[in-house]
>>> print(open('work-v4.cif').read())   # mmCIF, C-alpha atoms
data_structure
loop_
_atom_site.label_atom_id
_atom_site.label_comp_id
_atom_site.auth_asym_id
_atom_site.auth_seq_id
_atom_site.Cartn_x
_atom_site.Cartn_y
_atom_site.Cartn_z
CA MET A 395 0.00 0.00 0.00
CA SER A 396 1.41 3.37 -1.01
CA GLN A 397 2.06 5.94 1.68
CA PRO A 398 0.07 9.20 1.54
CA ARG A 399 1.99 12.16 0.17
CA PRO A 400 3.32 14.56 2.83
CA ARG A 401 1.23 17.70 3.26
CA ARG A 402 2.47 20.67 1.26
CA ALA A 403 1.87 24.34 2.10
CA ALA A 404 0.22 26.22 -0.75
CA VAL A 405 -0.42 29.95 -1.17
CA THR A 406 -4.04 30.39 -2.23
CA GLY A 407 -4.76 34.02 -1.40
CA ILE A 408 -2.90 37.35 -1.45
CA GLY A 409 -3.93 40.64 0.16
CA VAL A 410 -1.79 43.74 -0.23
CA MET A 411 -1.70 47.15 1.43
CA ALA A 412 1.29 48.96 -0.07
CA PRO A 413 2.33 52.52 -0.95
CA ASN A 414 1.91 51.66 -4.65
CA GLY A 415 -1.43 49.90 -4.33
CA THR A 416 -4.02 48.80 -1.79
CA SER A 417 -5.17 45.83 -3.85
CA THR A 418 -3.17 42.99 -5.34
CA GLY A 419 -4.02 44.14 -8.86
CA THR A 420 -2.90 47.74 -8.40
CA PHE A 421 0.20 46.62 -6.50
CA TRP A 422 1.26 44.26 -9.28
CA LYS A 423 0.56 46.77 -12.06
CA ALA A 424 2.76 49.39 -10.37
CA THR A 425 5.41 46.81 -9.47
CA GLN A 426 5.76 45.35 -12.96
CA GLU A 427 5.93 48.86 -14.42
CA GLY A 428 8.73 49.80 -12.02
CA LEU A 429 6.76 52.74 -10.69
CA SER A 430 8.40 54.59 -7.81
CA VAL A 431 6.05 56.22 -5.31
CA LEU A 432 8.70 57.35 -2.83
CA ASP A 433 8.03 60.94 -1.88
CA ARG A 434 8.61 63.58 0.76
CA VAL A 435 7.28 62.68 4.19
CA SER A 436 3.89 64.32 4.65
CA ARG A 437 2.52 62.76 7.85
CA GLU A 438 1.46 65.20 10.56
CA GLY A 439 4.21 65.94 13.06
CA CYS A 440 6.90 64.38 10.87
CA THR A 441 7.77 66.95 8.22
CA HIS A 442 10.36 68.76 10.34
CA LEU A 443 12.34 65.61 11.15
CA PRO A 444 15.60 64.61 9.39
CA LEU A 445 13.85 61.72 7.60
CA ARG A 446 12.77 63.38 4.35
CA VAL A 447 11.61 60.52 2.11
CA ALA A 448 9.36 57.54 2.85
CA GLY A 449 6.85 55.17 1.31
CA GLU A 450 3.44 56.32 2.56
CA ILE A 451 0.03 54.80 1.92
CA ARG A 452 -2.08 57.78 1.01
CA GLY A 453 -5.84 57.95 0.85
CA PHE A 454 -6.50 54.92 3.05
CA GLU A 455 -9.53 55.42 5.27
CA ALA A 456 -9.46 52.79 7.98
CA SER A 457 -13.15 53.36 8.73
CA SER A 458 -14.01 52.01 5.28
CA ALA A 459 -12.23 48.72 5.98
CA VAL A 460 -12.55 48.13 9.73
CA GLU A 461 -15.63 48.15 11.95
CA GLU A 462 -15.82 50.88 14.59
CA ARG A 463 -15.57 48.46 17.52
CA PHE A 464 -12.20 47.23 16.23
CA LEU A 465 -11.10 50.61 14.92
CA VAL A 466 -11.04 52.32 18.32
CA GLN A 467 -8.87 49.65 19.93
CA THR A 468 -6.26 49.20 17.21
CA ASP A 469 -3.33 51.03 15.64
CA ARG A 470 -2.75 51.83 11.99
CA PHE A 471 -0.50 48.79 11.54
CA THR A 472 -3.37 46.53 12.59
CA HIS A 473 -5.82 48.39 10.35
CA PHE A 474 -3.52 47.50 7.45
CA ALA A 475 -3.35 43.88 8.63
CA MET A 476 -7.11 43.46 8.94
CA ALA A 477 -7.71 45.04 5.53
CA ALA A 478 -5.02 42.89 3.90
CA ALA A 479 -6.35 39.75 5.60
CA ASP A 480 -9.83 40.47 4.24
CA ARG A 481 -8.41 40.79 0.73
CA ALA A 482 -6.39 37.58 1.07
CA LEU A 483 -9.38 35.60 2.34
CA ASP A 484 -11.55 36.93 -0.47
CA ASP A 485 -8.85 36.00 -2.97
CA ALA A 486 -8.71 32.47 -1.56
CA GLY A 487 -12.48 32.13 -1.57
CA LEU A 488 -12.70 31.87 2.21
CA GLY A 489 -14.63 33.83 4.81
CA PRO A 490 -14.99 34.13 8.58
CA ALA A 491 -15.28 30.86 10.45
CA GLU A 492 -18.54 29.77 12.02
CA ALA A 493 -18.56 28.60 15.62
CA GLY A 494 -17.78 24.93 15.94
CA GLU A 495 -14.99 22.51 15.20
CA ALA A 496 -14.21 24.10 11.82
CA SER A 497 -13.09 27.29 13.54
CA PHE A 498 -10.12 25.40 14.98
CA SER A 499 -8.84 24.58 11.48
CA VAL A 500 -7.73 28.16 10.73
CA GLY A 501 -4.78 29.85 12.43
CA VAL A 502 -3.14 33.29 12.21
CA VAL A 503 0.57 34.16 12.21
CA THR A 504 2.00 37.66 11.91
CA ALA A 505 5.37 39.34 12.34
CA ALA A 506 5.88 42.94 13.43
CA GLY A 507 8.84 45.14 14.21
CA SER A 508 7.65 48.21 16.06
CA GLY A 509 3.96 47.58 16.80
CA GLY A 510 1.43 50.35 17.31
CA GLY A 511 3.57 53.45 17.59
CA GLU A 512 0.97 55.94 16.40
CA PHE A 513 -1.66 54.77 18.90
CA GLY A 514 0.90 54.66 21.69
CA GLN A 515 2.16 58.16 20.99
CA ARG A 516 -1.37 59.56 21.00
CA GLU A 517 -2.13 57.97 24.37
CA LEU A 518 1.15 59.07 25.93
CA GLN A 519 0.54 62.63 24.78
CA ALA A 520 -2.86 62.48 26.47
CA LEU A 521 -1.26 61.14 29.64
CA TRP A 522 1.33 63.90 29.91
CA GLY A 523 -0.85 66.68 28.54
CA LYS A 524 -4.16 65.97 30.28
CA GLY A 525 -3.66 63.27 32.90
CA SER A 526 -4.22 59.56 33.43
CA LYS A 527 -8.03 59.81 33.18
CA PHE A 528 -7.63 60.66 29.49
CA VAL A 529 -5.76 57.46 28.62
CA GLY A 530 -8.01 54.75 27.22
CA PRO A 531 -7.88 51.09 28.23
CA TYR A 532 -6.88 49.98 24.73
CA GLN A 533 -3.43 51.49 25.17
CA SER A 534 -2.56 48.22 26.90
CA ILE A 535 -3.11 46.18 23.72
CA ALA A 536 -3.01 48.44 20.64
CA TRP A 537 0.75 49.06 20.76
CA PHE A 538 1.60 45.38 21.23
CA TYR A 539 3.29 43.66 18.30
CA ALA A 540 0.87 40.72 18.77
CA ALA A 541 -2.21 42.90 18.24
CA SER A 542 -2.70 42.02 14.57
CA THR A 543 -2.69 38.28 15.16
CA GLY A 544 -5.19 38.68 17.99
CA GLN A 545 -7.54 41.04 16.19
CA ILE A 546 -7.60 39.08 12.91
CA SER A 547 -8.37 35.85 14.76
CA ILE A 548 -11.05 37.42 16.98
CA ARG A 549 -12.69 39.34 14.14
CA ASN A 550 -12.93 36.26 11.91
CA GLY A 551 -13.58 33.60 14.53
CA PHE A 552 -10.35 31.74 13.81
CA ARG A 553 -9.41 29.53 16.75
CA GLY A 554 -6.59 27.45 15.28
CA PRO A 555 -2.88 27.86 16.13
CA CYS A 556 -2.08 31.58 16.43
CA SER A 557 1.42 32.99 16.77
CA VAL A 558 3.56 36.08 16.53
CA VAL A 559 7.09 35.91 15.18
CA ALA A 560 9.64 38.31 16.65
CA ALA A 561 12.72 37.87 14.48
CA ASP A 562 13.80 41.30 13.37
CA GLU A 563 12.92 42.31 9.79
CA ALA A 564 13.57 38.79 8.59
CA GLY A 565 10.58 37.82 10.73
CA GLY A 566 8.32 38.33 7.72
CA LEU A 567 9.85 35.31 6.01
CA ASP A 568 10.11 33.39 9.27
CA ALA A 569 6.36 33.89 9.79
CA LEU A 570 5.66 32.36 6.38
CA ALA A 571 7.91 29.41 7.23
CA HIS A 572 6.15 28.96 10.57
CA ALA A 573 2.76 28.98 8.83
CA ALA A 574 3.99 26.35 6.37
CA ARG A 575 5.12 24.12 9.26
CA VAL A 576 1.76 24.53 10.99
CA VAL A 577 -0.01 23.45 7.79
CA ARG A 578 2.33 20.50 7.28
CA ASN A 579 1.63 19.46 10.87
CA GLY A 580 -2.10 19.23 10.29
CA THR A 581 -3.81 22.63 10.36
CA ASP A 582 -5.88 23.24 7.24
CA THR A 583 -5.37 27.00 6.79
CA VAL A 584 -3.20 29.81 8.16
CA VAL A 585 -3.61 33.53 7.50
CA VAL A 586 -0.04 34.84 7.61
CA GLY A 587 1.95 37.97 6.90
CA SER A 588 3.09 41.30 8.24
CA THR A 589 2.15 44.96 8.14
CA GLU A 590 3.95 47.96 9.60
CA ALA A 591 3.14 51.61 10.33
CA PRO A 592 6.46 53.21 11.34
CA LEU A 593 5.76 56.78 10.21
CA ALA A 594 4.52 58.40 13.42
CA PRO A 595 6.78 61.12 14.92
CA CYS A 596 8.02 59.06 17.88
CA SER A 597 8.60 56.04 15.65
CA ILE A 598 10.65 58.07 13.19
CA VAL A 599 12.76 59.57 15.97
CA CYS A 600 13.54 56.03 17.15
CA GLN A 601 14.52 54.99 13.61
CA LEU A 602 16.90 57.92 13.31
CA GLY A 603 19.18 55.92 15.57
CA TYR A 604 19.75 53.42 12.75
CA PRO A 605 22.90 54.38 10.84
CA GLU A 606 21.47 52.49 7.85
CA LEU A 607 18.50 54.88 7.51
CA SER A 608 18.61 57.18 4.49
CA THR A 609 18.11 60.87 5.20
CA ALA A 610 18.59 61.94 1.58
CA GLU A 611 16.13 64.55 0.31
CA ASP A 612 15.70 63.48 -3.32
CA PRO A 613 13.12 60.66 -3.66
CA GLU A 614 14.88 59.36 -6.76
CA ARG A 615 18.23 59.05 -4.97
CA ALA A 616 17.25 58.25 -1.40
CA TYR A 617 17.14 54.46 -1.81
CA ARG A 618 19.49 53.05 -4.45
CA PRO A 619 20.96 49.69 -3.36
CA PHE A 620 23.75 48.01 -5.33
CA THR A 621 24.95 51.37 -6.69
CA ALA A 622 27.91 53.61 -5.90
CA GLY A 623 25.39 56.17 -4.61
CA ALA A 624 23.81 53.83 -2.05
CA CYS A 625 23.11 55.86 1.11
CA GLY A 626 20.78 53.67 3.15
CA PHE A 627 17.18 52.51 3.06
CA VAL A 628 13.91 54.42 2.98
CA PRO A 629 11.24 53.21 5.45
CA ALA A 630 7.69 52.47 4.41
CA GLU A 631 4.33 51.49 5.83
CA GLY A 632 1.97 48.73 4.74
CA GLY A 633 2.52 45.07 4.01
CA ALA A 634 0.74 41.93 2.90
CA MET A 635 -1.20 38.95 4.25
CA LEU A 636 -1.34 35.56 2.55
CA VAL A 637 -3.61 32.54 2.92
CA VAL A 638 -1.59 29.32 3.19
CA GLU A 639 -3.40 25.98 3.01
CA ASP A 640 -2.74 22.31 2.69
CA GLU A 641 -2.39 21.84 -1.06
CA ASP A 642 -4.66 18.80 -1.35
CA ALA A 643 -7.37 20.39 0.80
CA ALA A 644 -7.20 23.56 -1.26
CA ARG A 645 -7.54 21.65 -4.51
CA GLY A 646 -10.35 19.62 -2.98
CA ARG A 647 -12.43 22.74 -2.49
CA GLY A 648 -11.56 24.05 -5.95
CA ALA A 649 -9.08 26.74 -4.86
CA SER A 650 -6.26 27.90 -7.09
CA VAL A 651 -2.81 26.90 -5.85
CA ARG A 652 -0.76 30.01 -6.65
CA ALA A 653 2.56 28.84 -5.22
CA LEU A 654 4.11 26.32 -2.84
CA ILE A 655 6.29 27.27 0.13
CA ALA A 656 9.05 24.79 -0.56
CA GLY A 657 11.97 25.63 1.73
CA HIS A 658 13.23 28.03 4.39
CA ALA A 659 16.19 28.57 6.67
CA ALA A 660 17.35 31.32 9.02
CA THR A 661 20.57 32.38 10.75
CA PHE A 662 21.78 35.18 13.02
CA THR A 663 25.00 37.17 12.62
CA GLY A 664 24.63 40.23 14.87
CA SER A 665 23.54 43.85 14.74
CA SER A 666 24.91 45.86 11.78
CA ARG A 667 27.69 43.33 11.19
CA TRP A 668 27.15 43.42 7.46
CA GLU A 669 30.37 41.73 6.41
CA GLU A 670 29.45 38.75 8.58
CA SER A 671 25.95 38.68 7.09
CA ARG A 672 27.56 37.32 3.91
CA GLN A 673 28.26 33.99 5.57
CA GLY A 674 24.98 33.94 7.48
CA LEU A 675 22.81 34.73 4.48
CA ALA A 676 24.63 32.21 2.28
CA HIS A 677 24.11 29.55 4.97
CA ALA A 678 20.40 30.40 5.09
CA VAL A 679 20.13 30.11 1.31
CA ARG A 680 21.80 26.70 1.33
CA GLY A 681 19.45 25.55 4.08
CA ALA A 682 16.37 26.74 2.21
CA LEU A 683 17.53 25.00 -0.97
CA ALA A 684 18.16 21.78 0.92
CA GLU A 685 14.71 21.80 2.51
CA ALA A 686 13.14 22.47 -0.90
CA GLY A 687 15.17 19.71 -2.57
CA CYS A 688 16.36 22.36 -4.98
CA VAL A 689 19.74 22.79 -6.71
CA PRO A 690 21.08 26.31 -7.35
CA GLU A 691 20.47 26.10 -11.10
CA GLU A 692 16.74 25.71 -10.47
CA ILE A 693 16.45 29.22 -9.01
CA ASP A 694 14.95 31.41 -11.73
CA VAL A 695 14.85 34.73 -9.87
CA VAL A 696 16.11 36.20 -6.60
CA PHE A 697 14.20 38.90 -4.71
CA ALA A 698 17.01 40.62 -2.87
CA ASP A 699 17.04 42.11 0.60
CA ALA A 700 18.64 45.25 -0.92
CA LEU A 701 19.45 47.27 2.19
CA GLY A 702 21.10 50.13 0.33
CA VAL A 703 24.20 50.24 2.54
CA PRO A 704 27.43 49.62 0.57
CA GLU A 705 28.84 47.03 2.98
CA ALA A 706 25.50 45.22 3.23
CA ASP A 707 24.94 45.27 -0.53
CA ARG A 708 28.40 43.85 -1.13
CA ALA A 709 27.79 41.11 1.45
CA GLU A 710 24.48 40.18 -0.15
CA ALA A 711 25.92 40.01 -3.67
CA LEU A 712 28.75 37.79 -2.41
CA ALA A 713 26.34 35.63 -0.41
CA ILE A 714 24.27 34.96 -3.53
CA ALA A 715 27.43 33.95 -5.37
CA ASP A 716 28.62 31.82 -2.43
CA ALA A 717 25.34 29.94 -2.13
CA LEU A 718 24.44 29.59 -5.82
CA GLY A 719 27.93 29.21 -7.26
CA ALA A 720 28.41 30.26 -10.88
CA HIS A 721 24.65 30.49 -11.22
CA GLY A 722 24.71 33.34 -8.69
CA THR A 723 26.13 35.82 -11.19
CA ARG A 724 23.72 34.74 -13.94
CA VAL A 725 20.39 34.45 -12.16
CA PRO A 726 18.16 37.54 -12.48
CA VAL A 727 17.96 39.54 -9.26
CA THR A 728 15.38 42.20 -8.46
CA ALA A 729 14.42 44.51 -5.62
CA PRO A 730 11.03 46.12 -6.34
CA LYS A 731 10.99 47.56 -2.81
CA THR A 732 13.20 50.43 -4.05
CA GLY A 733 10.02 51.92 -5.50
CA ILE A 734 7.94 51.72 -2.32
CA GLY A 735 10.42 51.66 0.55
CA ARG A 736 11.43 49.04 3.07
CA SER A 737 8.55 48.24 5.41
CA TYR A 738 10.63 46.35 7.97
CA CYS A 739 9.05 42.91 8.72
CA ALA A 740 6.49 43.45 5.98
CA ALA A 741 9.07 44.06 3.25
CA PRO A 742 9.90 40.39 2.57
CA VAL A 743 6.19 39.47 2.67
CA LEU A 744 5.53 42.04 -0.06
CA ASP A 745 8.49 40.54 -1.93
CA THR A 746 6.92 37.10 -1.52
CA ALA A 747 3.62 38.38 -2.93
CA ALA A 748 5.53 39.94 -5.84
CA ALA A 749 7.42 36.68 -6.41
CA VAL A 750 4.18 34.68 -6.62
CA LEU A 751 2.74 37.21 -9.07
CA ALA A 752 5.96 37.22 -11.09
CA MET A 753 5.83 33.44 -11.47
CA GLU A 754 2.18 33.62 -12.50
CA HIS A 755 2.77 36.30 -15.12
CA GLY A 756 6.20 35.16 -16.33
CA LEU A 757 7.60 38.61 -15.68
CA ILE A 758 10.44 39.79 -13.43
CA PRO A 759 9.67 43.29 -12.11
CA PRO A 760 12.45 45.87 -12.27
CA THR A 761 14.33 47.66 -9.49
CA PRO A 762 13.11 51.30 -9.56
CA ASN A 763 15.57 54.21 -9.39
CA VAL A 764 18.56 51.87 -9.87
CA PHE A 765 20.61 51.82 -13.07
CA ASP A 766 24.37 52.02 -12.38
CA VAL A 767 24.89 48.66 -10.67
CA CYS A 768 28.35 48.29 -9.14
CA HIS A 769 28.19 44.63 -8.05
CA ASP A 770 28.48 41.38 -9.98
CA LEU A 771 24.73 40.82 -10.16
CA ASP A 772 22.28 40.49 -13.03
CA LEU A 773 20.02 43.11 -11.46
CA VAL A 774 16.82 43.72 -13.42
CA THR A 775 16.50 47.47 -13.96
CA GLY A 776 14.60 49.84 -16.22
CA ARG A 777 11.75 47.61 -17.31
CA ALA A 778 10.30 44.21 -16.49
CA ARG A 779 11.98 41.17 -18.01
CA PRO A 780 9.89 38.29 -19.45
CA ALA A 781 11.05 34.91 -18.17
CA GLU A 782 9.83 31.38 -17.50
CA LEU A 783 9.72 31.32 -13.71
CA ARG A 784 9.22 28.09 -11.82
CA THR A 785 11.22 28.71 -8.64
CA ALA A 786 11.92 31.95 -6.75
CA LEU A 787 14.27 32.76 -3.88
CA VAL A 788 13.32 35.56 -1.46
CA LEU A 789 15.97 37.01 0.88
CA SER A 790 15.70 39.14 3.99
CA ARG A 791 18.03 40.52 6.66
CA GLY A 792 17.31 42.53 9.76
CA LEU A 793 19.13 45.46 11.27
CA MET A 794 19.61 43.43 14.45
CA GLY A 795 21.29 40.54 12.61
CA SER A 796 18.67 38.04 11.45
CA ASN A 797 19.04 36.44 8.00
CA SER A 798 16.34 34.46 6.26
CA ALA A 799 15.79 32.76 2.88
CA LEU A 800 12.59 31.33 1.40
CA VAL A 801 12.14 29.15 -1.69
CA LEU A 802 8.83 29.31 -3.58
CA ARG A 803 7.68 26.97 -6.31
CA ARG A 804 5.13 27.99 -8.90
CA GLY A 805 1.70 26.45 -8.32
CA ALA A 806 1.37 23.28 -10.37
CA ALA A 807 -1.64 22.76 -12.61
CA ASP A 808 -2.53 19.55 -10.83
CA ALA A 809 -1.69 17.77 -7.60
CA SER A 810 0.57 15.20 -9.23
CA GLN A 811 3.27 17.77 -10.05
#
>>> encode(input="work-v4.cif", output="structure tokens")
Amino acid sequence: MSQPRPRRAAVTGIGVMAPNGTSTGTFWKATQEGLSVLDRVSREGCTHLPLRVAGEIRGFEASSAVEERFLVQTDRFTHFAMAAADRALDDAGLGPAEAGEASFSVGVVTAAGSGGGEFGQRELQALWGKGSKFVGPYQSIAWFYAASTGQISIRNGFRGPCSVVAADEAGGLDALAHAARVVRNGTDTVVVGSTEAPLAPCSIVCQLGYPELSTAEDPERAYRPFTAGACGFVPAEGGAMLVVEDEDAARGRGASVRALIAGHAATFTGSSRWEESRQGLAHAVRGALAEAGCVPEEIDVVFADALGVPEADRAEALAIADALGAHGTRVPVTAPKTGIGRSYCAAPVLDTAAAVLAMEHGLIPPTPNVFDVCHDLDLVTGRARPAELRTALVLSRGLMGSNSALVLRRGAADASQ
């Protein structure tokens, strides 16, 4: 008697809230066109600060996406998460769970870097300006980095395994890997991803302590990784949520399998030790390939971390070459985040969404604002490049030293592939 095939984690839904689009369609259109939406910081209380350029989501009205009872107890980063989760569930053809055993078959996993800074700042200002009676009870939960996991699960009636990944900016990829493990271990569905809202005044002041932050004033030159003019990264808000399911269960209900989460690995090399991140990132790539049963030559595109710091860019280019061998200098590499900014934990989740869409459309999106590449990389610039894409590698590193790599396979037409 043949043994049943091991469970495989499939991406069946994508929901995006990004500076270049608050739907998957608008996000992909802008991404494949290489549109840059980086602009001068315009958020209230932030325009006088040394951070001049950021990736803002403009025109988003949280009240149109989130019910009032959730709105008053949550921060902007959770508003993004709930809106993105709704879009991902709709895309997957799923809805809120009804009470009963089925509600235990859906879990939620998110990653977050800074949590609810805007809500926290507002409450602290009320405390010091008016007194403790003017601080609401939701201050105790809205700032917390676990808030999005909790609110998405409560709002939708999901009572399966719920988690929060705290792993620096690479936590976005680690959350996807954790969701895949949960699915492989028996849970039917996990809503997973990350959103960030780091553009409140107090949050920006905290970020100014990062030497890697770009304070350039020209939006076209503020974030240009892999170039001689690299001067740091530009922060952004937003992110993405994905629906990950058991592949066979998804096919059984008629869902489209958009991609498979095939392999992942993570390492740690220390805060701002960018030269050492070469070895750590290469080790993570090798681990992800091994778990996926993938040889370097099978990688069709790399979505780079692209920090925009010369030492970090050099380390990443060398890590790709170390891990992929000769193929590392030939494989197309892209970093679409240079057009929207780097949204901390959410950045690699947006890259993962872009990688799935790239494989579906056979098109590698370009790296906006980057032309004069000074590293031995086949960086896609200018315009999108048509390509047959079956396997994608997504990379992420954190300012505190985490390194993560994720291998995605294109969704097969049938379960036998």
>>> resolve_selection(input="work-v4.cif", expression="the PyMOL selection byres ((chain A and resi 541-553) around 8)", output="NGL selection string")
:A and (464 or 468 or 471-472 or 475-476 or 479 or 489-493 or 497-504 or 509 or 535-540 or 554-558)
>>> atom_distance(input="work-v4.cif", atom1="atom CA of A:Val529", atom2="atom CA of A:Gly514")
10.0 Å
>>> atom_distance(input="work-v4.cif", atom1="atom CA of A:Gly565", atom2="atom CA of A:Gly687")
22.9 Å
>>> closest_residue(input="work-v4.cif", among="A:Gly805, A:Asp694, A:Met411, A:Thr732", to="A:Glu782", atoms="only C-alpha atoms")
A:Asp694
>>> atom_distance(input="work-v4.cif", atom1="atom CA of A:Ala404", atom2="atom CA of A:Ala741")
20.3 Å
>>> resolve_selection(input="work-v4.cif", expression="the PyMOL selection byres ((chain A and resi 651) around 9)", output="list in words")
Ala404, Val405, Thr406, Gly407, Glu639, Glu641, Ala644, Arg645, Ala649, Ser650, Arg652, Ala653, Leu654, Arg804, Gly805, Ala806, Ala807 and Asp808 of chain A
>>> closest_residue(input="work-v4.cif", among="A:Leu518, A:Ala574, A:Arg437, A:Gly510", to="A:Gln467", atoms="all atoms listed in the file")
A:Gly510
>>> resolve_selection(input="work-v4.cif", expression="the PyMOL selection byres ((chain A and resi 719) around 12)", output="MDAnalysis selection string")
chainID A and resid 676 679:680 689:691 693 711:718 720:725
>>> closest_residue(input="work-v4.cif", among="A:Val764, A:Val585, A:Ala448, A:Ala624", to="A:Arg481", atoms="all atoms listed in the file")
A:Val585
>>> closest_atom_pairs(input="work-v4.cif", of="stretch 543-646 of chain A", to="stretch 791-795 of chain A", cutoff="9 Å", atoms="all atoms listed in the file", output="tab-separated table")
residue	atom	partner	partner_atom	distance
A:Ala561	CA	A:Gly792	CA	8.1
A:Asp562	CA	A:Gly792	CA	5.2
A:Glu563	CA	A:Gly792	CA	4.4
A:Ala564	CA	A:Arg791	CA	5.2
A:Gly565	CA	A:Gly792	CA	8.3
A:Tyr604	CA	A:Leu793	CA	8.1
A:Glu606	CA	A:Leu793	CA	8.2
>>> decode(input="work-v4.cif", residues="stretch 686-697 of chain A", atoms="N, CA, C and O atoms", output="tab-separated table (two decimals), in the first residue's frame")
chain	number	residue	atom	x	y	z
A	686	ALA	N	13.98	22.51	0.30
A	686	ALA	CA	13.14	22.47	-0.90
A	686	ALA	C	13.53	21.36	-1.86
A	686	ALA	O	12.81	21.11	-2.83
A	687	GLY	N	14.68	20.70	-1.61
A	687	GLY	CA	15.17	19.71	-2.57
A	687	GLY	C	15.50	20.35	-3.90
A	687	GLY	O	15.22	19.80	-4.96
A	688	CYS	N	16.15	21.50	-3.82
A	688	CYS	CA	16.36	22.36	-4.98
A	688	CYS	C	17.86	22.59	-5.18
A	688	CYS	O	18.58	22.89	-4.22
A	689	VAL	N	18.34	22.47	-6.41
A	689	VAL	CA	19.74	22.79	-6.71
A	689	VAL	C	19.81	24.25	-7.15
A	689	VAL	O	18.82	24.82	-7.62
A	690	PRO	N	20.97	24.89	-7.01
A	690	PRO	CA	21.08	26.31	-7.35
A	690	PRO	C	20.57	26.67	-8.74
A	690	PRO	O	19.95	27.72	-8.93
A	691	GLU	N	20.84	25.80	-9.71
A	691	GLU	CA	20.47	26.10	-11.10
A	691	GLU	C	18.96	26.16	-11.31
A	691	GLU	O	18.50	26.68	-12.33
A	692	GLU	N	18.19	25.65	-10.35
A	692	GLU	CA	16.74	25.71	-10.47
A	692	GLU	C	16.17	27.07	-10.10
A	692	GLU	O	15.01	27.37	-10.41
A	693	ILE	N	16.94	27.90	-9.40
A	693	ILE	CA	16.45	29.22	-9.01
A	693	ILE	C	16.37	30.11	-10.25
A	693	ILE	O	17.37	30.35	-10.92
A	694	ASP	N	15.18	30.60	-10.53
A	694	ASP	CA	14.95	31.41	-11.73
A	694	ASP	C	15.00	32.91	-11.47
A	694	ASP	O	15.20	33.69	-12.40
A	695	VAL	N	14.81	33.31	-10.22
A	695	VAL	CA	14.85	34.73	-9.87
A	695	VAL	C	15.11	34.85	-8.37
A	695	VAL	O	14.67	34.01	-7.58
A	696	VAL	N	15.85	35.89	-8.01
A	696	VAL	CA	16.11	36.20	-6.60
A	696	VAL	C	15.52	37.56	-6.27
A	696	VAL	O	15.79	38.55	-6.97
A	697	PHE	N	14.69	37.62	-5.24
A	697	PHE	CA	14.20	38.90	-4.71
A	697	PHE	C	15.11	39.28	-3.56
A	697	PHE	O	15.10	38.65	-2.50
